[in-house]
>>> print(open('protein_12.txt').read())   # compact mmCIF, C-alpha atoms
# COMPACT_ATOMS: atom_id res chain seq x y z
CA MET B 79 95.98 47.84 165.81
CA HIS B 80 97.91 49.60 168.58
CA ILE B 81 100.73 51.98 167.67
CA SER B 82 103.19 49.73 169.59
CA ASP B 83 102.45 46.97 167.08
CA ILE B 84 103.77 48.95 164.13
CA VAL B 85 106.78 50.86 165.49
CA ASP B 86 109.86 49.85 167.48
CA PRO B 87 109.23 50.21 171.23
CA HIS B 88 112.69 51.81 171.48
CA ARG B 89 114.63 53.50 168.71
CA SER B 90 118.29 52.89 169.42
CA ALA B 91 121.17 55.08 168.33
CA GLY B 92 122.02 52.54 165.63
CA THR B 93 118.47 52.51 164.35
CA ARG B 94 118.40 56.30 164.19
CA THR B 95 121.67 56.61 162.28
CA THR B 96 120.48 54.06 159.70
CA PHE B 97 117.08 55.75 159.51
CA GLY B 98 115.64 52.38 160.47
CA THR B 99 116.37 50.91 157.01
CA ARG B 100 119.01 48.80 155.25
CA ASN B 101 119.14 51.10 152.24
CA ARG B 102 122.70 51.86 151.16
CA LEU B 103 121.50 55.06 149.50
CA LYS B 104 119.08 56.95 151.72
CA LEU B 105 116.43 58.92 149.83
CA GLY B 106 114.10 61.60 151.11
CA LEU B 107 112.03 64.61 150.11
CA PHE B 108 113.41 68.12 150.56
CA GLY B 109 111.42 71.31 151.14
CA ALA B 110 107.87 69.99 150.88
CA ASN B 111 106.88 72.56 153.51
CA LEU B 112 107.69 75.39 151.06
CA ALA B 113 105.81 76.66 148.05
CA GLY B 114 107.87 77.39 144.96
CA ILE B 115 111.20 75.92 146.01
CA GLY B 116 112.10 75.47 142.34
CA MET B 117 111.61 79.19 141.54
CA THR B 118 109.50 78.55 138.46
CA ALA B 119 106.13 80.09 137.67
CA VAL B 120 104.66 77.07 135.88
CA PRO B 121 101.12 76.37 137.09
CA GLU B 122 102.12 72.80 138.05
CA ARG B 123 104.49 74.05 140.75
CA TRP B 124 104.19 72.83 144.33
CA MET B 125 102.05 75.06 146.57
CA ALA B 126 102.79 73.35 149.93
CA ASP B 127 99.25 73.22 151.31
CA TRP B 128 98.82 70.99 154.34
CA ASP B 129 96.65 68.29 152.78
CA ALA B 130 99.18 67.85 149.98
CA ASN B 131 102.00 67.60 152.53
CA VAL B 132 100.17 64.84 154.39
CA ALA B 133 99.45 62.94 151.16
CA VAL B 134 103.02 63.13 149.89
CA ALA B 135 104.50 62.18 153.30
CA GLN B 136 102.34 59.07 153.47
CA MET B 137 103.11 58.26 149.84
CA ALA B 138 106.83 58.57 150.53
CA GLU B 139 106.58 56.30 153.55
CA GLU B 140 104.55 53.71 151.66
CA ALA B 141 107.25 53.61 148.98
CA GLY B 142 109.97 53.12 151.60
CA LEU B 143 111.67 56.52 151.38
CA ASP B 144 113.82 57.24 154.40
CA PHE B 145 113.24 60.83 155.48
CA LEU B 146 111.43 64.14 155.07
CA LEU B 147 113.57 67.26 155.38
CA PRO B 148 111.98 70.74 155.50
CA VAL B 149 113.50 74.15 154.83
CA ALA B 150 113.13 76.85 157.48
CA ARG B 151 112.13 80.00 155.66
CA TRP B 152 110.49 83.09 157.10
CA LYS B 153 110.39 85.39 154.08
CA GLY B 154 110.10 84.76 150.34
CA TYR B 155 112.14 86.12 147.47
CA GLY B 156 109.54 88.34 145.81
CA GLY B 157 109.28 88.39 142.06
CA THR B 158 106.04 87.34 140.40
CA THR B 159 105.57 84.16 142.48
CA ASP B 160 107.38 85.00 145.76
CA PRO B 161 109.13 81.60 145.94
CA GLN B 162 109.33 80.19 149.47
CA GLY B 163 107.18 83.03 150.76
CA THR B 164 104.51 80.50 151.72
CA SER B 165 105.96 78.07 154.24
CA LEU B 166 104.89 75.82 157.10
CA GLU B 167 106.89 76.20 160.34
CA THR B 168 109.06 73.13 160.60
CA ILE B 169 108.80 71.87 164.20
CA THR B 170 105.01 72.03 164.08
CA TRP B 171 105.08 70.48 160.59
CA ALA B 172 107.35 67.63 161.70
CA THR B 173 105.34 66.86 164.84
CA ALA B 174 102.09 66.66 162.90
CA LEU B 175 103.56 64.45 160.19
CA LEU B 176 105.14 62.15 162.76
CA ALA B 177 101.66 61.63 164.20
CA LEU B 178 100.35 60.70 160.75
CA THR B 179 103.15 58.30 159.72
CA ARG B 180 104.66 55.15 161.19
CA ARG B 181 108.18 54.50 159.90
CA ILE B 182 109.73 57.46 158.06
CA THR B 183 112.19 59.83 159.79
CA VAL B 184 110.96 63.44 159.85
CA PHE B 185 113.31 66.36 160.44
CA ALA B 186 112.62 69.86 161.65
CA THR B 187 114.93 72.73 160.66
CA VAL B 188 115.81 75.37 163.23
CA HIS B 189 117.67 78.68 162.96
CA VAL B 190 119.54 78.46 166.24
CA PRO B 191 119.84 82.24 166.92
CA LEU B 192 116.05 82.61 166.66
CA ILE B 193 114.95 80.11 169.31
CA ASN B 194 115.92 79.64 172.95
CA PRO B 195 117.67 76.27 173.51
CA VAL B 196 115.38 75.34 176.43
CA LEU B 197 112.30 75.82 174.27
CA ALA B 198 113.89 74.08 171.28
CA ALA B 199 114.97 71.08 173.37
CA LYS B 200 111.46 70.67 174.79
CA GLN B 201 109.80 71.01 171.38
CA CYS B 202 112.15 68.43 169.87
CA VAL B 203 111.54 65.94 172.67
CA THR B 204 107.79 66.34 172.24
CA ALA B 205 108.09 65.64 168.50
CA ASP B 206 110.39 62.70 169.22
CA HIS B 207 107.84 61.10 171.54
CA VAL B 208 105.06 61.65 169.01
CA GLY B 209 107.15 59.82 166.40
CA LYS B 210 108.49 57.13 168.75
CA GLY B 211 112.09 58.12 168.03
CA ARG B 212 111.75 59.12 164.36
CA PHE B 213 112.47 62.84 164.81
CA GLY B 214 115.63 64.53 163.51
CA LEU B 215 116.93 68.09 163.84
CA ASN B 216 118.53 70.09 161.04
CA ILE B 217 120.59 72.88 162.61
CA VAL B 218 120.92 76.12 160.66
CA CYS B 219 123.12 78.97 161.83
CA GLY B 220 121.52 81.41 159.42
CA TRP B 221 122.73 83.61 156.61
CA ASN B 222 119.75 85.71 155.49
CA ASP B 223 119.89 89.18 157.04
CA ASP B 224 116.40 90.02 155.76
CA GLU B 225 114.93 87.21 157.85
CA PHE B 226 116.93 88.04 160.96
CA GLN B 227 115.72 91.63 160.77
CA MET B 228 112.14 90.34 160.93
CA PHE B 229 112.97 88.93 164.38
CA GLY B 230 115.00 91.91 165.53
CA VAL B 231 117.96 89.58 166.05
CA PRO B 232 121.42 90.71 164.90
CA ARG B 233 123.35 88.18 162.82
CA SER B 234 127.07 87.83 163.39
CA GLN B 235 129.04 86.30 160.54
CA GLU B 236 132.11 86.03 162.76
CA THR B 237 130.62 84.24 165.77
CA ARG B 238 127.69 82.29 164.34
CA TYR B 239 129.30 78.85 164.68
CA GLU B 240 130.67 79.66 168.11
CA TYR B 241 127.11 80.53 169.13
CA ALA B 242 125.80 77.36 167.47
CA ARG B 243 128.22 75.18 169.42
CA GLU B 244 127.08 76.70 172.71
CA TRP B 245 123.43 76.37 171.69
CA LEU B 246 123.79 72.74 170.67
CA ASP B 247 125.83 71.84 173.76
CA ALA B 248 123.02 73.30 175.88
CA VAL B 249 120.36 71.33 173.98
CA LYS B 250 122.32 68.09 174.30
CA ASP B 251 122.71 68.68 178.05
CA ILE B 252 118.99 69.34 178.40
CA TRP B 253 118.28 66.08 176.57
CA ALA B 254 120.75 64.07 178.67
CA ARG B 255 121.06 65.51 182.19
CA THR B 256 118.64 64.68 184.99
CA ASP B 257 120.01 67.18 187.51
CA THR B 258 119.44 70.93 187.72
CA PHE B 259 122.28 72.83 186.05
CA ASP B 260 123.46 76.18 184.73
CA VAL B 261 124.93 77.11 181.36
CA GLU B 262 127.55 79.85 181.48
CA GLY B 263 128.81 80.45 177.96
CA ARG B 264 129.99 83.50 176.12
CA HIS B 265 126.70 83.77 174.24
CA ILE B 266 124.24 81.60 176.18
CA ARG B 267 123.54 81.82 179.90
CA LEU B 268 120.85 79.64 181.44
CA HIS B 269 120.16 79.14 185.12
CA GLY B 270 118.43 76.39 187.04
CA VAL B 271 117.75 74.30 183.95
CA ARG B 272 115.78 71.08 184.39
CA ALA B 273 113.70 69.30 181.75
CA MET B 274 111.71 66.09 181.48
CA PRO B 275 110.99 63.89 179.61
CA LYS B 276 114.11 62.95 177.71
CA PRO B 277 114.17 61.93 174.03
CA TYR B 278 112.36 58.72 173.19
CA GLY B 279 114.12 55.44 173.93
CA ASP B 280 117.80 55.40 174.69
CA SER B 281 119.25 57.91 172.21
CA ARG B 282 118.95 61.51 171.07
CA PRO B 283 117.49 62.75 167.76
CA LEU B 284 119.64 62.69 164.65
CA LEU B 285 121.49 65.96 164.07
CA LEU B 286 122.12 67.36 160.59
CA ASN B 287 123.88 70.48 159.33
CA ALA B 288 124.59 71.89 155.89
CA GLY B 289 127.51 74.21 156.59
CA GLN B 290 129.42 74.85 153.36
CA SER B 291 132.27 77.07 154.56
CA PRO B 292 135.34 75.44 156.14
CA GLU B 293 134.09 76.56 159.56
CA GLY B 294 130.58 75.31 158.84
CA THR B 295 131.83 71.94 157.62
CA ALA B 296 134.00 71.59 160.73
CA PHE B 297 130.99 72.37 162.93
CA ALA B 298 128.93 69.64 161.26
CA LEU B 299 131.69 67.04 161.42
CA ASP B 300 132.38 67.75 165.10
CA ASN B 301 128.83 68.11 166.38
CA CYS B 302 126.33 66.39 164.09
CA ASP B 303 125.53 62.98 162.62
CA VAL B 304 125.11 63.98 158.96
CA LEU B 305 126.62 66.73 156.79
CA PHE B 306 124.76 68.07 153.78
CA SER B 307 127.05 69.21 151.00
CA ALA B 308 126.70 70.49 147.43
CA PRO B 309 129.22 70.45 144.57
CA PRO B 310 130.53 73.79 143.26
CA GLY B 311 128.42 75.21 140.48
CA ARG B 312 125.79 72.54 141.14
CA ASP B 313 127.94 70.31 138.91
CA PRO B 314 127.45 66.59 139.72
CA SER B 315 130.88 65.77 138.27
CA LYS B 316 132.41 67.78 141.13
CA LEU B 317 130.55 65.93 143.87
CA ALA B 318 133.15 63.16 144.33
CA PRO B 319 136.16 65.49 144.81
CA THR B 320 134.09 67.69 147.13
CA ILE B 321 133.11 64.77 149.38
CA ASP B 322 136.58 63.24 149.25
CA ARG B 323 138.18 66.54 150.23
CA ILE B 324 135.82 66.94 153.22
CA ARG B 325 136.39 63.44 154.56
CA THR B 326 140.14 63.47 153.96
CA ALA B 327 140.66 66.85 155.65
CA ALA B 328 138.70 65.71 158.68
CA ASP B 329 140.21 62.20 158.71
CA LYS B 330 136.67 60.83 158.87
CA PRO B 331 136.48 58.49 155.85
CA HIS B 332 133.03 57.12 156.72
CA PHE B 333 131.24 60.24 157.96
CA PRO B 334 127.72 60.33 156.42
CA ILE B 335 127.41 63.02 153.75
CA PHE B 336 124.14 63.74 151.97
CA THR B 337 123.41 66.01 149.03
CA ALA B 338 120.32 67.44 147.32
CA CYS B 339 118.90 67.40 143.83
CA VAL B 340 115.90 68.33 141.72
CA VAL B 341 114.43 65.33 139.90
CA ILE B 342 112.66 65.57 136.56
CA CYS B 343 111.84 62.00 135.56
CA ARG B 344 109.58 61.12 132.64
CA GLU B 345 108.89 58.21 130.30
CA SER B 346 111.63 59.40 127.97
CA ARG B 347 114.72 61.57 128.25
CA GLN B 348 113.33 63.93 125.62
CA GLU B 349 110.12 64.45 127.58
CA ALA B 350 112.10 65.19 130.75
CA GLU B 351 114.42 67.62 129.00
CA GLU B 352 111.47 69.41 127.44
CA PHE B 353 109.86 69.80 130.85
CA GLN B 354 113.09 71.19 132.29
CA GLN B 355 113.24 73.70 129.46
CA TYR B 356 109.60 74.59 130.08
CA CYS B 357 110.32 75.26 133.77
CA THR B 358 113.38 77.33 132.88
CA GLU B 359 111.48 79.41 130.33
CA HIS B 360 108.94 80.21 133.05
CA ALA B 361 111.49 80.77 135.81
CA ASP B 362 110.88 83.68 138.15
CA GLU B 363 114.10 85.46 137.23
CA GLU B 364 113.41 88.42 139.51
CA ALA B 365 113.12 86.06 142.49
CA VAL B 366 116.35 84.29 141.52
CA ASN B 367 118.13 87.65 141.36
CA ASN B 368 116.66 88.56 144.75
CA LEU B 369 117.99 85.30 146.19
CA LEU B 370 121.49 85.92 144.86
CA SER B 371 121.37 89.53 146.07
CA ALA B 372 120.28 88.41 149.54
CA LYS B 373 123.24 86.03 149.71
CA GLN B 374 125.65 88.75 148.66
CA ARG B 375 124.21 91.31 151.11
CA SER B 376 124.60 88.78 153.90
CA GLY B 377 128.25 88.24 153.06
CA ARG B 378 127.68 84.68 151.88
CA ALA B 379 130.30 83.65 149.37
CA ILE B 380 128.90 82.51 146.04
CA PRO B 381 131.44 80.52 143.99
CA ALA B 382 131.96 81.81 140.48
CA GLY B 383 130.96 78.44 139.08
CA GLU B 384 127.62 78.66 140.81
CA LEU B 385 126.97 82.15 139.46
CA ASP B 386 127.87 80.96 135.96
CA ALA B 387 125.50 78.01 136.31
CA VAL B 388 122.66 80.29 137.38
CA ARG B 389 123.31 82.63 134.47
CA ARG B 390 123.10 79.69 132.07
CA ASP B 391 120.07 78.13 133.72
CA VAL B 392 118.24 80.01 136.46
CA ALA B 393 116.74 76.71 137.64
CA LYS B 394 120.19 75.81 138.99
CA ALA B 395 119.80 78.41 141.71
CA THR B 396 118.23 75.53 143.65
CA ALA B 397 120.33 72.36 143.31
CA VAL B 398 121.82 69.74 141.00
CA TYR B 399 119.28 68.60 138.40
CA LEU B 400 118.72 64.93 137.58
CA VAL B 401 116.85 64.86 134.29
CA GLY B 402 115.81 61.96 132.08
CA SER B 403 114.05 58.63 131.89
CA ALA B 404 113.83 56.24 134.84
CA ASP B 405 117.03 54.56 133.63
CA ASP B 406 118.76 57.94 133.41
CA VAL B 407 117.70 59.12 136.86
CA ALA B 408 118.56 55.78 138.49
CA ALA B 409 122.02 55.95 136.90
CA GLN B 410 122.48 59.54 138.07
CA LEU B 411 121.53 58.59 141.62
CA GLU B 412 123.93 55.64 141.46
CA HIS B 413 126.63 58.10 140.35
CA MET B 414 125.91 60.27 143.39
CA HIS B 415 126.30 57.23 145.62
CA SER B 416 129.52 56.15 143.92
CA SER B 417 130.75 59.73 144.36
CA GLY B 418 130.49 59.22 148.11
CA ALA B 419 126.99 60.45 148.95
CA ASN B 420 125.21 58.32 151.52
CA GLY B 421 121.88 60.01 150.93
CA VAL B 422 120.01 62.35 148.60
CA ALA B 423 117.24 64.80 149.45
CA MET B 424 115.05 65.18 146.37
CA MET B 425 112.91 68.03 145.11
CA PHE B 426 110.28 67.79 142.39
CA THR B 427 108.38 70.52 140.58
CA ASN B 428 105.31 68.95 142.16
CA GLN B 429 105.96 66.11 144.60
CA LEU B 430 102.42 64.78 144.65
CA GLN B 431 102.13 64.59 140.87
CA GLU B 432 105.63 63.27 140.13
CA LEU B 433 106.48 61.00 143.06
CA PRO B 434 104.22 58.08 141.96
CA PHE B 435 106.17 57.65 138.71
CA PHE B 436 109.50 57.90 140.53
CA ASN B 437 108.41 55.34 143.09
CA ALA B 438 107.11 52.92 140.48
CA GLN B 439 109.96 53.23 137.99
CA VAL B 440 113.16 54.46 139.65
CA LEU B 441 113.03 52.70 143.02
CA PRO B 442 112.88 49.19 141.50
CA ARG B 443 115.92 50.02 139.38
CA LEU B 444 117.82 51.17 142.49
CA GLU B 445 116.84 47.92 144.19
CA ARG B 446 118.30 45.93 141.31
CA MET B 447 121.48 48.00 141.61
CA GLY B 448 121.70 46.97 145.27
CA LEU B 449 121.28 50.51 146.57
CA ARG B 450 117.80 50.05 148.01
CA SER B 451 115.98 47.25 149.79
CA ALA B 452 112.66 46.04 148.43
>>> encode(input="protein_12.txt", output="structure tokens")
Amino acid sequence: MHISDIVDPHRSAGTRTTFGTRNRLKLGLFGANLAGIGMTAVPERWMADWDANVAVAQMAEEAGLDFLLPVARWKGYGGTTDPQGTSLETITWATALLALTRRITVFATVHVPLINPVLAAKQCVTADHVGKGRFGLNIVCGWNDDEFQMFGVPRSQETRYEYAREWLDAVKDIWARTDTFDVEGRHIRLHGVRAMPKPYGDSRPLLLNAGQSPEGTAFALDNCDVLFSAPPGRDPSKLAPTIDRIRTAADKPHFPIFTACVVICRESRQEAEEFQQYCTEHADEEAVNNLLSAKQRSGRAIPAGELDAVRRDVAKATAVYLVGSADDVAAQLEHMHSSGANGVAMMFTNQLQELPFFNAQVLPRLERMGLRSA
């Protein structure tokens, strides 16, 4: 069978923004390129080796999940397990997985101050052609001073979104323009720019951003296709007012907003809760403290509710937790959708071990709820 027989010959803008599916609630995997994203030392934790990444990507596609979203991390958080210290670079990761899948959208995540826009644009187009229009780009302005020091690149809290706008405008021009042109910005100056080929088909890659500050949210709403957001204190009951406030302030009532969660789904609610407690009891508390310290050193605001949540349960340093039986988790995902979330990026303690049960038990329930297509 030829590749043209199993993928769309052209991936239109509409197909990209729907991720090529009719699912009302988009679902994907978050951070599979990182080891220890959950910051627990249990031996079952995800180690992010390449063969496991390939297996879980193909499993996700076979089940009809919509996307794979990596985390760009250059340095771990120490402690006994050094969570996120082992990571696969995301553009390379995405390109390879696009070559090994047929339908699922695969994102790369890029720290814009660390990569020249000409190089980034060319890398993204290459990945997009490999995937026949299934590539997406998650734009990160960067907050971690420790990582920026590794590159010898100063990080400016005051001008980071101004820089990101110039960077993204340059990338979009490189993707779209066929002439030779210059870029004369305050931060970015490029001369005699010309690049071929252009993105696959007749549209550019999907653009995603997870800015949480007012300036970051405005950047995402003005420049990207999807905003990732998280409720204060990782409290799912606060997701609806958070999303409503964002859309109302921007006067964009239908702008796609995604969120993230950790899923612990077992045969019974008791079994799931016991596993969550087990992970918490074995949490790498030193690494969690290092993460919070890194955020504070970098000037990143940490809401009091989030700090309180972490003190109560160090596992909540990562994301909202969905814990319970298949019925429970399906209901919690439905609640996220009814709260305004168009998509959810999911983390598991071990994707390869836990995804089969989720696919077999939760996805059919979401189909019956009308949130997913069979």
>>> closest_residue(input="protein_12.txt", among="B:Cys219, B:Ala172, B:Ala242, B:Val196", to="His269 in chain B", atoms="all atoms listed in the file")
B:Val196
>>> residues_around(input="protein_12.txt", residues="range 137-147 of chain B", least_positions_apart="6", cutoff="9 Å", atoms="only C-alpha atoms", output="CSV table (one decimal) with C-alpha atoms, keeping the file's coordinate frame")
chain,number,residue,atom,x,y,z
B,97,PHE,CA,117.1,55.8,159.5
B,98,GLY,CA,115.6,52.4,160.5
B,99,THR,CA,116.4,50.9,157.0
B,101,ASN,CA,119.1,51.1,152.2
B,104,LYS,CA,119.1,57.0,151.7
B,105,LEU,CA,116.4,58.9,149.8
B,106,GLY,CA,114.1,61.6,151.1
B,107,LEU,CA,112.0,64.6,150.1
B,108,PHE,CA,113.4,68.1,150.6
B,109,GLY,CA,111.4,71.3,151.1
B,110,ALA,CA,107.9,70.0,150.9
B,111,ASN,CA,106.9,72.6,153.5
B,172,ALA,CA,107.4,67.6,161.7
B,179,THR,CA,103.2,58.3,159.7
B,180,ARG,CA,104.7,55.2,161.2
B,181,ARG,CA,108.2,54.5,159.9
B,182,ILE,CA,109.7,57.5,158.1
B,183,THR,CA,112.2,59.8,159.8
B,184,VAL,CA,111.0,63.4,159.8
B,185,PHE,CA,113.3,66.4,160.4
B,186,ALA,CA,112.6,69.9,161.6
B,187,THR,CA,114.9,72.7,160.7
B,214,GLY,CA,115.6,64.5,163.5
B,216,ASN,CA,118.5,70.1,161.0
B,423,ALA,CA,117.2,64.8,149.4
B,430,LEU,CA,102.4,64.8,144.6
B,433,LEU,CA,106.5,61.0,143.1
B,434,PRO,CA,104.2,58.1,142.0
B,437,ASN,CA,108.4,55.3,143.1
B,438,ALA,CA,107.1,52.9,140.5
B,441,LEU,CA,113.0,52.7,143.0
B,451,SER,CA,116.0,47.2,149.8
B,452,ALA,CA,112.7,46.0,148.4
>>> closest_residue(input="protein_12.txt", among="B:Ala150, B:Ile335, B:Leu370, B:Ala199", to="Glu225 in chain B", atoms="only C-alpha atoms")
B:Ala150
>>> atom_distance(input="protein_12.txt", atom1="CA of Glu352 in chain B", atom2="CA of Val401 in chain B")
9.8 Å
>>> atom_distance(input="protein_12.txt", atom1="CA of Ala365 in chain B", atom2="CA of Gly220 in chain B")
19.5 Å
>>> atom_distance(input="protein_12.txt", atom1="CA of Arg243 in chain B", atom2="CA of Arg272 in chain B")
19.9 Å
>>> closest_residue(input="protein_12.txt", among="B:Gly209, B:Gly421, B:Gly294, B:Gly270", to="Thr256 in chain B", atoms="only C-alpha atoms")
B:Gly270
>>> closest_residue(input="protein_12.txt", among="B:Asp405, B:Glu364, B:Asp206, B:Glu345", to="Thr118 in chain B", atoms="all atoms listed in the file")
B:Glu364
>>> closest_residue(input="protein_12.txt", among="B:Ile342, B:Leu449, B:Ala350, B:Leu175", to="Gln136 in chain B", atoms="only C-alpha atoms")
B:Leu175
>>> residues_around(input="protein_12.txt", residues="Met117 in chain B", least_positions_apart="5", cutoff="12 Å", atoms="all atoms listed in the file", output="compact mmCIF listing (two decimals) with C-alpha atoms, in the coordinates of the input")
# COMPACT_ATOMS: atom_id res chain seq x y z
CA LEU B 112 107.69 75.39 151.06
CA GLU B 122 102.12 72.80 138.05
CA ARG B 123 104.49 74.05 140.75
CA TRP B 124 104.19 72.83 144.33
CA MET B 125 102.05 75.06 146.57
CA GLY B 154 110.10 84.76 150.34
CA TYR B 155 112.14 86.12 147.47
CA GLY B 156 109.54 88.34 145.81
CA GLY B 157 109.28 88.39 142.06
CA THR B 158 106.04 87.34 140.40
CA THR B 159 105.57 84.16 142.48
CA ASP B 160 107.38 85.00 145.76
CA PRO B 161 109.13 81.60 145.94
CA GLN B 162 109.33 80.19 149.47
CA GLY B 163 107.18 83.03 150.76
CA VAL B 340 115.90 68.33 141.72
CA CYS B 357 110.32 75.26 133.77
CA THR B 358 113.38 77.33 132.88
CA GLU B 359 111.48 79.41 130.33
CA HIS B 360 108.94 80.21 133.05
CA ALA B 361 111.49 80.77 135.81
CA ASP B 362 110.88 83.68 138.15
CA GLU B 363 114.10 85.46 137.23
CA GLU B 364 113.41 88.42 139.51
CA ALA B 365 113.12 86.06 142.49
CA VAL B 366 116.35 84.29 141.52
CA ASN B 367 118.13 87.65 141.36
CA ASN B 368 116.66 88.56 144.75
CA LEU B 369 117.99 85.30 146.19
CA VAL B 388 122.66 80.29 137.38
CA ASP B 391 120.07 78.13 133.72
CA VAL B 392 118.24 80.01 136.46
CA ALA B 393 116.74 76.71 137.64
CA LYS B 394 120.19 75.81 138.99
CA ALA B 395 119.80 78.41 141.71
CA THR B 396 118.23 75.53 143.65
CA ALA B 397 120.33 72.36 143.31
CA MET B 425 112.91 68.03 145.11
CA PHE B 426 110.28 67.79 142.39
CA THR B 427 108.38 70.52 140.58
>>> build_atoms(input="protein_12.txt", residues="range 301-307 of chain B", atoms="all heavy atoms", output="PDB file, in the frame of the given file")
ATOM      1  N   ASN B 301     129.987  68.026 165.490  1.00  0.00           N
ATOM      2  CA  ASN B 301     128.830  68.110 166.380  1.00  0.00           C
ATOM      3  C   ASN B 301     127.596  67.356 165.915  1.00  0.00           C
ATOM      4  O   ASN B 301     126.669  67.170 166.700  1.00  0.00           O
ATOM      5  CB  ASN B 301     128.445  69.584 166.579  1.00  0.00           C
ATOM      6  CG  ASN B 301     129.530  70.388 167.256  1.00  0.00           C
ATOM      7  OD1 ASN B 301     129.648  70.388 168.472  1.00  0.00           O
ATOM      8  ND2 ASN B 301     130.330  71.093 166.462  1.00  0.00           N
ATOM      9  N   CYS B 302     127.560  66.946 164.653  1.00  0.00           N
ATOM     10  CA  CYS B 302     126.330  66.390 164.090  1.00  0.00           C
ATOM     11  C   CYS B 302     126.567  64.962 163.585  1.00  0.00           C
ATOM     12  O   CYS B 302     127.675  64.434 163.626  1.00  0.00           O
ATOM     13  CB  CYS B 302     125.814  67.283 162.963  1.00  0.00           C
ATOM     14  SG  CYS B 302     125.428  68.973 163.528  1.00  0.00           S
ATOM     15  N   ASP B 303     125.489  64.361 163.112  1.00  0.00           N
ATOM     16  CA  ASP B 303     125.530  62.980 162.620  1.00  0.00           C
ATOM     17  C   ASP B 303     125.605  62.909 161.106  1.00  0.00           C
ATOM     18  O   ASP B 303     126.039  61.895 160.548  1.00  0.00           O
ATOM     19  CB  ASP B 303     124.286  62.226 163.078  1.00  0.00           C
ATOM     20  CG  ASP B 303     124.123  62.267 164.587  1.00  0.00           C
ATOM     21  OD1 ASP B 303     125.031  61.803 165.296  1.00  0.00           O
ATOM     22  OD2 ASP B 303     123.091  62.788 165.055  1.00  0.00           O
ATOM     23  N   VAL B 304     125.153  63.958 160.421  1.00  0.00           N
ATOM     24  CA  VAL B 304     125.110  63.980 158.960  1.00  0.00           C
ATOM     25  C   VAL B 304     125.483  65.380 158.492  1.00  0.00           C
ATOM     26  O   VAL B 304     125.036  66.384 159.078  1.00  0.00           O
ATOM     27  CB  VAL B 304     123.704  63.626 158.422  1.00  0.00           C
ATOM     28  CG1 VAL B 304     123.687  63.673 156.893  1.00  0.00           C
ATOM     29  CG2 VAL B 304     123.263  62.244 158.905  1.00  0.00           C
ATOM     30  N   LEU B 305     126.290  65.457 157.448  1.00  0.00           N
ATOM     31  CA  LEU B 305     126.620  66.730 156.790  1.00  0.00           C
ATOM     32  C   LEU B 305     125.948  66.756 155.428  1.00  0.00           C
ATOM     33  O   LEU B 305     126.051  65.797 154.660  1.00  0.00           O
ATOM     34  CB  LEU B 305     128.133  66.869 156.617  1.00  0.00           C
ATOM     35  CG  LEU B 305     128.614  67.990 155.674  1.00  0.00           C
ATOM     36  CD1 LEU B 305     128.292  69.357 156.243  1.00  0.00           C
ATOM     37  CD2 LEU B 305     130.102  67.858 155.392  1.00  0.00           C
ATOM     38  N   PHE B 306     125.268  67.854 155.121  1.00  0.00           N
ATOM     39  CA  PHE B 306     124.760  68.070 153.780  1.00  0.00           C
ATOM     40  C   PHE B 306     125.767  68.911 153.016  1.00  0.00           C
ATOM     41  O   PHE B 306     126.234  69.933 153.521  1.00  0.00           O
ATOM     42  CB  PHE B 306     123.413  68.803 153.824  1.00  0.00           C
ATOM     43  CG  PHE B 306     122.261  67.922 153.442  1.00  0.00           C
ATOM     44  CD1 PHE B 306     121.708  67.059 154.371  1.00  0.00           C
ATOM     45  CD2 PHE B 306     121.741  67.937 152.166  1.00  0.00           C
ATOM     46  CE1 PHE B 306     120.655  66.230 154.044  1.00  0.00           C
ATOM     47  CE2 PHE B 306     120.692  67.110 151.814  1.00  0.00           C
ATOM     48  CZ  PHE B 306     120.140  66.258 152.753  1.00  0.00           C
ATOM     49  N   SER B 307     126.083  68.488 151.804  1.00  0.00           N
ATOM     50  CA  SER B 307     127.050  69.210 151.000  1.00  0.00           C
ATOM     51  C   SER B 307     126.547  69.314 149.568  1.00  0.00           C
ATOM     52  O   SER B 307     125.706  68.523 149.133  1.00  0.00           O
ATOM     53  CB  SER B 307     128.411  68.510 151.027  1.00  0.00           C
ATOM     54  OG  SER B 307     129.400  69.290 150.387  1.00  0.00           O
TER      55      SER B 307
END
